[in-house]
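Coordinates as given in start.txt (compact mmCIF, N, CA and C atoms):
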```txt
# COMPACT_ATOMS: atom_id res chain seq x y z
N MET A 273 -42.69 -45.37 1.92
CA MET A 273 -42.86 -43.95 1.72
C MET A 273 -41.99 -43.48 0.56
N GLY A 274 -42.07 -44.15 -0.57
CA GLY A 274 -41.30 -43.75 -1.73
C GLY A 274 -42.00 -42.65 -2.51
N ILE A 275 -41.44 -42.35 -3.63
CA ILE A 275 -42.03 -41.35 -4.50
C ILE A 275 -43.20 -41.99 -5.23
N THR A 276 -44.37 -41.43 -5.07
CA THR A 276 -45.54 -41.96 -5.76
C THR A 276 -45.93 -41.02 -6.88
N LEU A 277 -46.30 -41.59 -7.98
CA LEU A 277 -46.73 -40.81 -9.12
C LEU A 277 -48.22 -40.52 -9.00
N PRO A 278 -48.65 -39.35 -9.45
CA PRO A 278 -50.08 -39.07 -9.42
C PRO A 278 -50.85 -39.95 -10.40
N ASP A 279 -52.17 -39.93 -10.27
CA ASP A 279 -53.01 -40.77 -11.12
C ASP A 279 -52.90 -40.42 -12.60
N GLU A 280 -52.59 -39.16 -12.90
CA GLU A 280 -52.49 -38.78 -14.31
C GLU A 280 -51.28 -39.42 -14.98
N ALA A 281 -50.32 -39.90 -14.20
CA ALA A 281 -49.16 -40.58 -14.78
C ALA A 281 -49.52 -41.96 -15.29
N LYS A 282 -50.67 -42.50 -14.87
CA LYS A 282 -51.06 -43.84 -15.29
C LYS A 282 -51.48 -43.89 -16.75
N CYS A 283 -51.77 -42.73 -17.35
CA CYS A 283 -52.18 -42.72 -18.75
C CYS A 283 -50.96 -42.79 -19.68
N LEU A 284 -49.75 -42.61 -19.15
CA LEU A 284 -48.55 -42.71 -19.97
C LEU A 284 -48.23 -44.17 -20.26
N PRO A 285 -47.66 -44.44 -21.43
CA PRO A 285 -47.26 -45.83 -21.69
C PRO A 285 -46.10 -46.22 -20.78
N PRO A 286 -46.05 -47.47 -20.35
CA PRO A 286 -44.96 -47.87 -19.46
C PRO A 286 -43.63 -47.91 -20.23
N PRO A 287 -42.54 -47.60 -19.55
CA PRO A 287 -41.24 -47.71 -20.23
C PRO A 287 -40.89 -49.17 -20.48
N GLY A 288 -39.97 -49.39 -21.36
CA GLY A 288 -39.53 -50.75 -21.63
C GLY A 288 -38.83 -51.34 -20.42
N ILE A 289 -38.88 -52.65 -20.30
CA ILE A 289 -38.24 -53.33 -19.18
C ILE A 289 -36.73 -53.08 -19.23
N VAL A 290 -36.17 -53.09 -20.42
CA VAL A 290 -34.75 -52.82 -20.58
C VAL A 290 -34.61 -51.37 -21.04
N ASN A 291 -34.17 -50.53 -20.13
CA ASN A 291 -33.90 -49.13 -20.46
C ASN A 291 -32.58 -48.74 -19.80
N ARG A 292 -32.09 -47.57 -20.12
CA ARG A 292 -30.75 -47.21 -19.65
C ARG A 292 -30.67 -47.13 -18.14
N ASN A 293 -31.70 -46.62 -17.48
CA ASN A 293 -31.66 -46.53 -16.02
C ASN A 293 -31.70 -47.90 -15.38
N SER A 294 -32.53 -48.80 -15.90
CA SER A 294 -32.61 -50.14 -15.33
C SER A 294 -31.27 -50.87 -15.46
N VAL A 295 -30.70 -50.79 -16.64
CA VAL A 295 -29.41 -51.47 -16.86
C VAL A 295 -28.34 -50.86 -15.96
N TRP A 296 -28.30 -49.54 -15.90
CA TRP A 296 -27.26 -48.88 -15.11
C TRP A 296 -27.41 -49.20 -13.62
N PHE A 297 -28.61 -49.06 -13.07
CA PHE A 297 -28.79 -49.32 -11.64
C PHE A 297 -28.65 -50.81 -11.32
N GLY A 298 -29.05 -51.68 -12.23
CA GLY A 298 -28.82 -53.11 -12.03
C GLY A 298 -27.34 -53.43 -11.98
N PHE A 299 -26.57 -52.81 -12.87
CA PHE A 299 -25.12 -53.00 -12.88
C PHE A 299 -24.49 -52.45 -11.59
N ILE A 300 -24.94 -51.31 -11.14
CA ILE A 300 -24.42 -50.73 -9.90
C ILE A 300 -24.76 -51.63 -8.71
N GLY A 301 -25.96 -52.20 -8.69
CA GLY A 301 -26.33 -53.13 -7.62
C GLY A 301 -25.45 -54.36 -7.62
N TRP A 302 -25.17 -54.90 -8.80
CA TRP A 302 -24.31 -56.07 -8.90
C TRP A 302 -22.89 -55.73 -8.44
N CYS A 303 -22.38 -54.56 -8.88
CA CYS A 303 -21.03 -54.14 -8.48
C CYS A 303 -20.96 -53.91 -6.97
N THR A 304 -22.05 -53.45 -6.36
CA THR A 304 -22.07 -53.27 -4.91
C THR A 304 -21.87 -54.60 -4.20
N ALA A 305 -22.52 -55.64 -4.69
CA ALA A 305 -22.35 -56.97 -4.10
C ALA A 305 -20.92 -57.46 -4.29
N LEU A 306 -20.33 -57.20 -5.45
CA LEU A 306 -18.95 -57.62 -5.69
C LEU A 306 -17.98 -56.89 -4.77
N VAL A 307 -18.18 -55.60 -4.59
CA VAL A 307 -17.31 -54.82 -3.71
C VAL A 307 -17.47 -55.29 -2.26
N HIS A 308 -18.69 -55.59 -1.86
CA HIS A 308 -18.93 -56.09 -0.50
C HIS A 308 -18.20 -57.41 -0.29
N ASN A 309 -18.24 -58.29 -1.28
CA ASN A 309 -17.50 -59.56 -1.19
C ASN A 309 -16.00 -59.32 -1.10
N ALA A 310 -15.50 -58.40 -1.91
CA ALA A 310 -14.06 -58.15 -1.92
C ALA A 310 -13.60 -57.54 -0.59
N LEU A 311 -14.40 -56.65 -0.03
CA LEU A 311 -14.01 -56.02 1.23
C LEU A 311 -14.03 -57.02 2.39
N ASN A 312 -14.85 -58.05 2.28
CA ASN A 312 -14.91 -59.09 3.31
C ASN A 312 -14.00 -60.27 3.00
N HIS A 313 -13.07 -60.11 2.07
CA HIS A 313 -12.07 -61.11 1.70
C HIS A 313 -12.70 -62.43 1.26
N ARG A 314 -13.76 -62.33 0.46
CA ARG A 314 -14.39 -63.48 -0.15
C ARG A 314 -14.11 -63.41 -1.65
N PRO A 315 -14.21 -64.54 -2.35
CA PRO A 315 -14.06 -64.47 -3.81
C PRO A 315 -15.19 -63.60 -4.38
N PRO A 316 -14.86 -62.51 -5.04
CA PRO A 316 -15.88 -61.53 -5.43
C PRO A 316 -17.01 -62.09 -6.29
N ILE A 317 -16.71 -62.94 -7.27
CA ILE A 317 -17.76 -63.38 -8.18
C ILE A 317 -18.43 -64.66 -7.70
N LYS A 318 -17.69 -65.56 -7.06
CA LYS A 318 -18.25 -66.86 -6.67
C LYS A 318 -19.08 -66.80 -5.39
N ALA A 319 -18.73 -65.93 -4.48
CA ALA A 319 -19.41 -65.92 -3.18
C ALA A 319 -20.66 -65.04 -3.22
N GLY A 320 -21.67 -65.47 -2.51
CA GLY A 320 -22.87 -64.66 -2.34
C GLY A 320 -23.61 -64.38 -3.63
N VAL A 321 -23.78 -65.39 -4.46
CA VAL A 321 -24.47 -65.20 -5.73
C VAL A 321 -25.91 -64.75 -5.49
N HIS A 322 -26.52 -65.24 -4.41
CA HIS A 322 -27.89 -64.83 -4.09
C HIS A 322 -27.94 -63.33 -3.79
N ARG A 323 -26.90 -62.80 -3.11
CA ARG A 323 -26.88 -61.35 -2.85
C ARG A 323 -26.63 -60.57 -4.14
N GLN A 324 -25.82 -61.12 -5.01
CA GLN A 324 -25.57 -60.45 -6.29
C GLN A 324 -26.86 -60.33 -7.09
N ILE A 325 -27.61 -61.42 -7.15
CA ILE A 325 -28.88 -61.41 -7.88
C ILE A 325 -29.87 -60.46 -7.21
N LEU A 326 -29.92 -60.49 -5.88
CA LEU A 326 -30.85 -59.62 -5.15
C LEU A 326 -30.53 -58.15 -5.39
N LEU A 327 -29.27 -57.75 -5.23
CA LEU A 327 -28.92 -56.34 -5.39
C LEU A 327 -29.06 -55.89 -6.85
N ALA A 328 -28.76 -56.77 -7.80
CA ALA A 328 -28.96 -56.41 -9.20
C ALA A 328 -30.44 -56.23 -9.50
N SER A 329 -31.29 -57.09 -8.93
CA SER A 329 -32.74 -56.98 -9.13
C SER A 329 -33.29 -55.71 -8.50
N ILE A 330 -32.83 -55.39 -7.29
CA ILE A 330 -33.27 -54.16 -6.64
C ILE A 330 -32.86 -52.95 -7.46
N GLY A 331 -31.62 -52.95 -7.96
CA GLY A 331 -31.16 -51.85 -8.80
C GLY A 331 -31.98 -51.74 -10.07
N TRP A 332 -32.34 -52.88 -10.66
CA TRP A 332 -33.14 -52.89 -11.89
C TRP A 332 -34.51 -52.26 -11.64
N VAL A 333 -35.15 -52.62 -10.53
CA VAL A 333 -36.48 -52.09 -10.20
C VAL A 333 -36.40 -50.60 -9.91
N VAL A 334 -35.38 -50.18 -9.18
CA VAL A 334 -35.20 -48.74 -8.90
C VAL A 334 -35.01 -47.97 -10.20
N GLY A 335 -34.19 -48.50 -11.11
CA GLY A 335 -33.98 -47.84 -12.39
C GLY A 335 -35.25 -47.76 -13.21
N TYR A 336 -36.06 -48.81 -13.18
CA TYR A 336 -37.32 -48.81 -13.91
C TYR A 336 -38.26 -47.72 -13.38
N HIS A 337 -38.37 -47.62 -12.07
CA HIS A 337 -39.28 -46.63 -11.49
C HIS A 337 -38.74 -45.21 -11.65
N LEU A 338 -37.44 -45.04 -11.66
CA LEU A 338 -36.87 -43.72 -11.95
C LEU A 338 -37.15 -43.32 -13.41
N THR A 339 -37.16 -44.29 -14.30
CA THR A 339 -37.50 -43.99 -15.69
C THR A 339 -38.96 -43.58 -15.80
N LYS A 340 -39.85 -44.25 -15.06
CA LYS A 340 -41.26 -43.85 -15.05
C LYS A 340 -41.41 -42.42 -14.52
N LEU A 341 -40.69 -42.09 -13.47
CA LEU A 341 -40.75 -40.74 -12.91
C LEU A 341 -40.20 -39.72 -13.91
N ASP A 342 -39.13 -40.06 -14.58
CA ASP A 342 -38.55 -39.17 -15.58
C ASP A 342 -39.51 -38.94 -16.75
N ASN A 343 -40.15 -40.01 -17.21
CA ASN A 343 -41.12 -39.88 -18.31
C ASN A 343 -42.29 -39.00 -17.91
N TYR A 344 -42.78 -39.17 -16.68
CA TYR A 344 -43.89 -38.35 -16.20
C TYR A 344 -43.48 -36.88 -16.10
N THR A 345 -42.29 -36.62 -15.56
CA THR A 345 -41.81 -35.24 -15.42
C THR A 345 -41.69 -34.57 -16.79
N ASN A 346 -41.12 -35.28 -17.76
CA ASN A 346 -40.97 -34.72 -19.11
C ASN A 346 -42.32 -34.50 -19.78
N ALA A 347 -43.27 -35.43 -19.59
CA ALA A 347 -44.59 -35.26 -20.18
C ALA A 347 -45.32 -34.08 -19.56
N LYS A 348 -45.16 -33.89 -18.26
CA LYS A 348 -45.79 -32.76 -17.57
C LYS A 348 -45.21 -31.44 -18.07
N LEU A 349 -43.89 -31.38 -18.23
CA LEU A 349 -43.26 -30.16 -18.75
C LEU A 349 -43.71 -29.87 -20.18
N ASP A 350 -43.80 -30.92 -21.01
CA ASP A 350 -44.27 -30.73 -22.39
C ASP A 350 -45.71 -30.23 -22.42
N ARG A 351 -46.56 -30.79 -21.55
CA ARG A 351 -47.95 -30.36 -21.49
C ARG A 351 -48.05 -28.90 -21.06
N ASP A 352 -47.29 -28.52 -20.03
CA ASP A 352 -47.33 -27.14 -19.55
C ASP A 352 -46.81 -26.17 -20.59
N MET A 353 -45.75 -26.56 -21.32
CA MET A 353 -45.20 -25.69 -22.35
C MET A 353 -46.17 -25.54 -23.52
N ALA A 354 -46.83 -26.63 -23.92
CA ALA A 354 -47.80 -26.54 -25.00
C ALA A 354 -48.99 -25.68 -24.60
N GLU A 355 -49.40 -25.77 -23.34
CA GLU A 355 -50.50 -24.95 -22.85
C GLU A 355 -50.11 -23.47 -22.83
N TYR A 356 -48.87 -23.17 -22.44
CA TYR A 356 -48.41 -21.78 -22.44
C TYR A 356 -48.37 -21.23 -23.86
N ILE A 357 -47.89 -22.03 -24.79
CA ILE A 357 -47.85 -21.59 -26.19
C ILE A 357 -49.26 -21.37 -26.72
N ARG A 358 -50.20 -22.22 -26.32
CA ARG A 358 -51.58 -22.06 -26.77
C ARG A 358 -52.21 -20.79 -26.20
N LEU A 359 -51.88 -20.45 -24.95
CA LEU A 359 -52.47 -19.27 -24.32
C LEU A 359 -51.80 -17.96 -24.73
N HIS A 360 -50.56 -18.01 -25.21
CA HIS A 360 -49.81 -16.81 -25.59
C HIS A 360 -49.29 -16.92 -27.02
N PRO A 361 -50.18 -16.95 -28.01
CA PRO A 361 -49.71 -17.12 -29.40
C PRO A 361 -48.95 -15.89 -29.91
N GLU A 362 -49.18 -14.72 -29.31
CA GLU A 362 -48.50 -13.51 -29.79
C GLU A 362 -46.99 -13.57 -29.52
N GLU A 363 -46.56 -14.37 -28.57
CA GLU A 363 -45.13 -14.51 -28.29
C GLU A 363 -44.45 -15.53 -29.19
N PHE A 364 -45.22 -16.28 -29.94
CA PHE A 364 -44.67 -17.35 -30.76
C PHE A 364 -45.15 -17.22 -32.21
N GLN A 365 -44.94 -16.04 -32.77
CA GLN A 365 -45.30 -15.81 -34.17
C GLN A 365 -44.34 -16.58 -35.08
N PRO A 366 -44.84 -17.16 -36.15
CA PRO A 366 -43.92 -17.85 -37.07
C PRO A 366 -43.03 -16.84 -37.78
N LYS A 367 -41.77 -17.19 -37.91
CA LYS A 367 -40.81 -16.30 -38.56
C LYS A 367 -40.97 -16.41 -40.07
N GLU A 368 -40.63 -15.31 -40.75
CA GLU A 368 -40.69 -15.34 -42.21
C GLU A 368 -39.53 -16.18 -42.72
N LYS A 369 -39.81 -16.97 -43.72
CA LYS A 369 -38.79 -17.87 -44.24
C LYS A 369 -37.96 -17.12 -45.28
N LYS A 370 -36.66 -17.21 -45.14
CA LYS A 370 -35.74 -16.61 -46.10
C LYS A 370 -35.29 -17.68 -47.09
N THR A 371 -35.03 -17.22 -48.29
CA THR A 371 -34.47 -18.15 -49.26
C THR A 371 -32.98 -18.27 -49.00
N PHE A 372 -32.38 -19.29 -49.58
CA PHE A 372 -30.95 -19.51 -49.38
C PHE A 372 -30.14 -18.37 -49.97
N ALA A 373 -30.62 -17.79 -51.05
CA ALA A 373 -29.91 -16.67 -51.69
C ALA A 373 -29.92 -15.44 -50.79
N GLU A 374 -30.95 -15.26 -50.00
CA GLU A 374 -30.99 -14.11 -49.10
C GLU A 374 -30.05 -14.28 -47.90
N ILE A 375 -29.76 -15.50 -47.56
CA ILE A 375 -28.87 -15.74 -46.43
C ILE A 375 -27.41 -15.54 -46.83
N LEU A 376 -27.05 -16.05 -48.00
CA LEU A 376 -25.66 -15.96 -48.45
C LEU A 376 -25.37 -14.59 -49.07
N GLU A 377 -24.09 -14.20 -48.96
CA GLU A 377 -23.66 -12.97 -49.61
C GLU A 377 -23.44 -13.26 -51.10
N ASP A 378 -23.44 -12.18 -51.88
CA ASP A 378 -23.15 -12.35 -53.31
C ASP A 378 -21.74 -12.85 -53.48
N PHE A 379 -21.58 -13.76 -54.45
CA PHE A 379 -20.27 -14.35 -54.69
C PHE A 379 -19.59 -13.62 -55.84
N HIS A 380 -18.42 -13.07 -55.56
CA HIS A 380 -17.60 -12.42 -56.59
C HIS A 380 -16.22 -13.06 -56.56
N PRO A 381 -15.91 -13.88 -57.57
CA PRO A 381 -14.60 -14.55 -57.55
C PRO A 381 -13.47 -13.55 -57.73
N ILE A 382 -12.39 -13.78 -57.01
CA ILE A 382 -11.20 -12.93 -57.11
C ILE A 382 -10.15 -13.72 -57.86
N ARG A 383 -9.67 -13.11 -58.97
CA ARG A 383 -8.63 -13.81 -59.76
C ARG A 383 -7.42 -12.98 -59.90
```
In structure tokens, what does this structure look like?
Amino acid sequence: MGITLPDEAKCLPPPGIVNRNSVWFGFIGWCTALVHNALNHRPPIKAGVHRQILLASIGWVVGYHLTKLDNYTNAKLDRDMAEYIRLHPEEFQPKEKKTFAEILEDFHPIR
């Protein structure tokens, strides 16, 4: 019963296998195994290598799917914002462009 993405999220390109969330959650999973070993008075790095790999892999997969969810959420917000701008063009009139001379004050050297 995890978070499922709607079918419209399938049209988005998949995130890269190595992304910041995957690396971060994989590292947190590995550190969790190390802390568990240390709390049980085992050698933290040598003991339970299978658990270290398992927890790092689980963290990696969780990070990957959180990245997919984040990409979908951002794409949905971008789509909604573009639709709002399309429906209300009077609120988004282009501003008149000023020249650089109009922005700066006149220069009068003081000697």
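With distances restricted to only N, CA and C atoms, A:Gln324 is the closest residue to A:Ala305 from A:Gln324, A:Ser329, A:Thr345, A:Asn291.
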**Report entry** Contact residues around A:His337 with only C-alpha atoms at 9 Å, ignoring same-chain residues under 5 positions, as a PyMOL selection string
**Finding:** chain A and resi 293-294+332+342
Query raised in the report: Suppose you want the space between atom CA of A:Ile300 and atom CA of A:Lys282; what is it in Å?
Result: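 Going from atom CA of A:Ile300 over to atom CA of A:Lys282, I get 28.0 Å.
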Report task. Record the distance separating atom CA of A:Leu306 and atom N of A:Arg323, expressed in Å with one decimal. Result ->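 Separation between atom CA of A:Leu306 and atom N of A:Arg323: 9.8 Å.
Distance annotation: of A:Ala281, A:Leu359, A:Val321, A:Leu327, the residue with the minimal separation from A:Phe297 is A:Leu327; atom set is all atoms listed in the file.
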Would you give the centre and edge lengths, in Å to one decimal, of a box along x, y and z around the listed atoms of stretch 315-322 of chain A, with 4 Å added to each side, as JSON?
```
{"center_x": -21.0, "center_y": -64.2, "center_z": -5.3, "size_x": 21.9, "size_y": 13.3, "size_z": 13.8}
```
Query raised in the report: Which residues in stretch 297-382 of chain A does DSSP call alpha helix (DSSP H)? List them as a PyMOL selection string.
Result: chain A and resi 297-311+321-359+372-375
Query raised in the report: What is the distance between atom C of A:Thr339 and atom CA of A:Gly320, in Å to one decimal?
Result: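 Interatomic distance, atom C of A:Thr339 to atom CA of A:Gly320: 29.7 Å.
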Requested in this report: Name the closest residue to A:Leu284 among the candidates A:Arg383, A:Asn343, A:His322, A:Glu368; distances are taken between atoms, counting only N, CA and C atoms.
Outcome: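 When distances to A:Leu284 are compared using only N, CA and C atoms, the smallest one comes from A:Asn343.
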Query raised in the report: Leaving out A:Pro278 and any residue of its chain fewer than 5 positions from it, which residues lie within 12 Å of it when counting only C-alpha atoms, given as a PyMOL selection string?
Result: chain A and resi 283-284+340-341+344-345+348
Query raised in the report: Of the residues A:Leu338, A:Ile375, A:Cys303, A:Ile382, which is the one nearest to A:Leu277, using only C-alpha atoms?
Result: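 Under the stated criterion, the closest residue is A:Leu338.
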Filled-in all heavy atoms of stretch 286-297 of chain A, supplied as a short mmCIF file (atom, residue, chain, number, x, y, z; two decimals), in the frame of the given file:
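Output below, filename selection.cif:
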```
data_model
loop_
_atom_site.label_atom_id
_atom_site.label_comp_id
_atom_site.auth_asym_id
_atom_site.auth_seq_id
_atom_site.Cartn_x
_atom_site.Cartn_y
_atom_site.Cartn_z
N PRO A 286 -46.05 -47.47 -20.35
CA PRO A 286 -44.96 -47.87 -19.46
C PRO A 286 -43.63 -47.91 -20.23
O PRO A 286 -43.61 -48.21 -21.43
CB PRO A 286 -45.37 -49.27 -19.00
CG PRO A 286 -46.27 -49.77 -20.07
CD PRO A 286 -46.98 -48.56 -20.62
N PRO A 287 -42.54 -47.60 -19.55
CA PRO A 287 -41.24 -47.71 -20.23
C PRO A 287 -40.89 -49.17 -20.48
O PRO A 287 -41.47 -50.07 -19.86
CB PRO A 287 -40.27 -47.06 -19.24
CG PRO A 287 -40.93 -47.16 -17.92
CD PRO A 287 -42.40 -47.12 -18.18
N GLY A 288 -39.97 -49.39 -21.36
CA GLY A 288 -39.53 -50.75 -21.63
C GLY A 288 -38.83 -51.34 -20.42
O GLY A 288 -38.25 -50.63 -19.60
N ILE A 289 -38.88 -52.65 -20.30
CA ILE A 289 -38.24 -53.33 -19.18
C ILE A 289 -36.73 -53.08 -19.23
O ILE A 289 -36.09 -52.89 -18.21
CB ILE A 289 -38.54 -54.84 -19.22
CG1 ILE A 289 -40.03 -55.08 -18.98
CG2 ILE A 289 -37.72 -55.59 -18.20
CD1 ILE A 289 -40.51 -54.69 -17.61
N VAL A 290 -36.17 -53.09 -20.42
CA VAL A 290 -34.75 -52.82 -20.58
C VAL A 290 -34.61 -51.37 -21.04
O VAL A 290 -34.94 -51.03 -22.17
CB VAL A 290 -34.11 -53.78 -21.62
CG1 VAL A 290 -32.64 -53.46 -21.80
CG2 VAL A 290 -34.31 -55.21 -21.21
N ASN A 291 -34.17 -50.53 -20.13
CA ASN A 291 -33.90 -49.13 -20.46
C ASN A 291 -32.58 -48.74 -19.80
O ASN A 291 -32.04 -49.48 -19.00
CB ASN A 291 -35.06 -48.22 -20.05
CG ASN A 291 -35.39 -48.32 -18.59
OD1 ASN A 291 -34.56 -48.05 -17.74
ND2 ASN A 291 -36.62 -48.73 -18.29
N ARG A 292 -32.09 -47.57 -20.12
CA ARG A 292 -30.75 -47.21 -19.65
C ARG A 292 -30.67 -47.13 -18.14
O ARG A 292 -29.67 -47.53 -17.55
CB ARG A 292 -30.28 -45.92 -20.30
CG ARG A 292 -31.10 -44.71 -19.96
CD ARG A 292 -30.60 -43.47 -20.69
NE ARG A 292 -31.54 -42.40 -20.54
CZ ARG A 292 -31.49 -41.51 -19.56
NH1 ARG A 292 -30.54 -41.57 -18.68
NH2 ARG A 292 -32.40 -40.56 -19.48
N ASN A 293 -31.70 -46.62 -17.48
CA ASN A 293 -31.66 -46.53 -16.02
C ASN A 293 -31.70 -47.90 -15.38
O ASN A 293 -30.99 -48.15 -14.40
CB ASN A 293 -32.82 -45.68 -15.51
CG ASN A 293 -32.63 -44.21 -15.79
OD1 ASN A 293 -31.52 -43.74 -15.97
ND2 ASN A 293 -33.72 -43.47 -15.83
N SER A 294 -32.53 -48.80 -15.90
CA SER A 294 -32.61 -50.14 -15.33
C SER A 294 -31.27 -50.87 -15.46
O SER A 294 -30.80 -51.48 -14.51
CB SER A 294 -33.69 -50.96 -16.02
OG SER A 294 -34.95 -50.44 -15.74
N VAL A 295 -30.70 -50.79 -16.64
CA VAL A 295 -29.41 -51.47 -16.86
C VAL A 295 -28.34 -50.86 -15.96
O VAL A 295 -27.56 -51.58 -15.31
CB VAL A 295 -29.02 -51.39 -18.35
CG1 VAL A 295 -27.62 -51.90 -18.56
CG2 VAL A 295 -30.01 -52.17 -19.19
N TRP A 296 -28.30 -49.54 -15.90
CA TRP A 296 -27.26 -48.88 -15.11
C TRP A 296 -27.41 -49.20 -13.62
O TRP A 296 -26.44 -49.58 -12.97
CB TRP A 296 -27.33 -47.37 -15.36
CG TRP A 296 -26.33 -46.59 -14.59
CD1 TRP A 296 -26.57 -45.70 -13.60
CD2 TRP A 296 -24.91 -46.64 -14.75
NE1 TRP A 296 -25.40 -45.19 -13.13
CE2 TRP A 296 -24.35 -45.75 -13.81
CE3 TRP A 296 -24.04 -47.34 -15.57
CZ2 TRP A 296 -22.99 -45.55 -13.68
CZ3 TRP A 296 -22.67 -47.14 -15.44
CH2 TRP A 296 -22.16 -46.25 -14.51
N PHE A 297 -28.61 -49.06 -13.07
CA PHE A 297 -28.79 -49.32 -11.64
C PHE A 297 -28.65 -50.81 -11.32
O PHE A 297 -28.19 -51.16 -10.23
CB PHE A 297 -30.14 -48.79 -11.17
CG PHE A 297 -30.12 -47.32 -10.87
CD1 PHE A 297 -30.44 -46.40 -11.84
CD2 PHE A 297 -29.75 -46.86 -9.62
CE1 PHE A 297 -30.41 -45.05 -11.58
CE2 PHE A 297 -29.72 -45.52 -9.35
CZ PHE A 297 -30.05 -44.59 -10.33
#
```
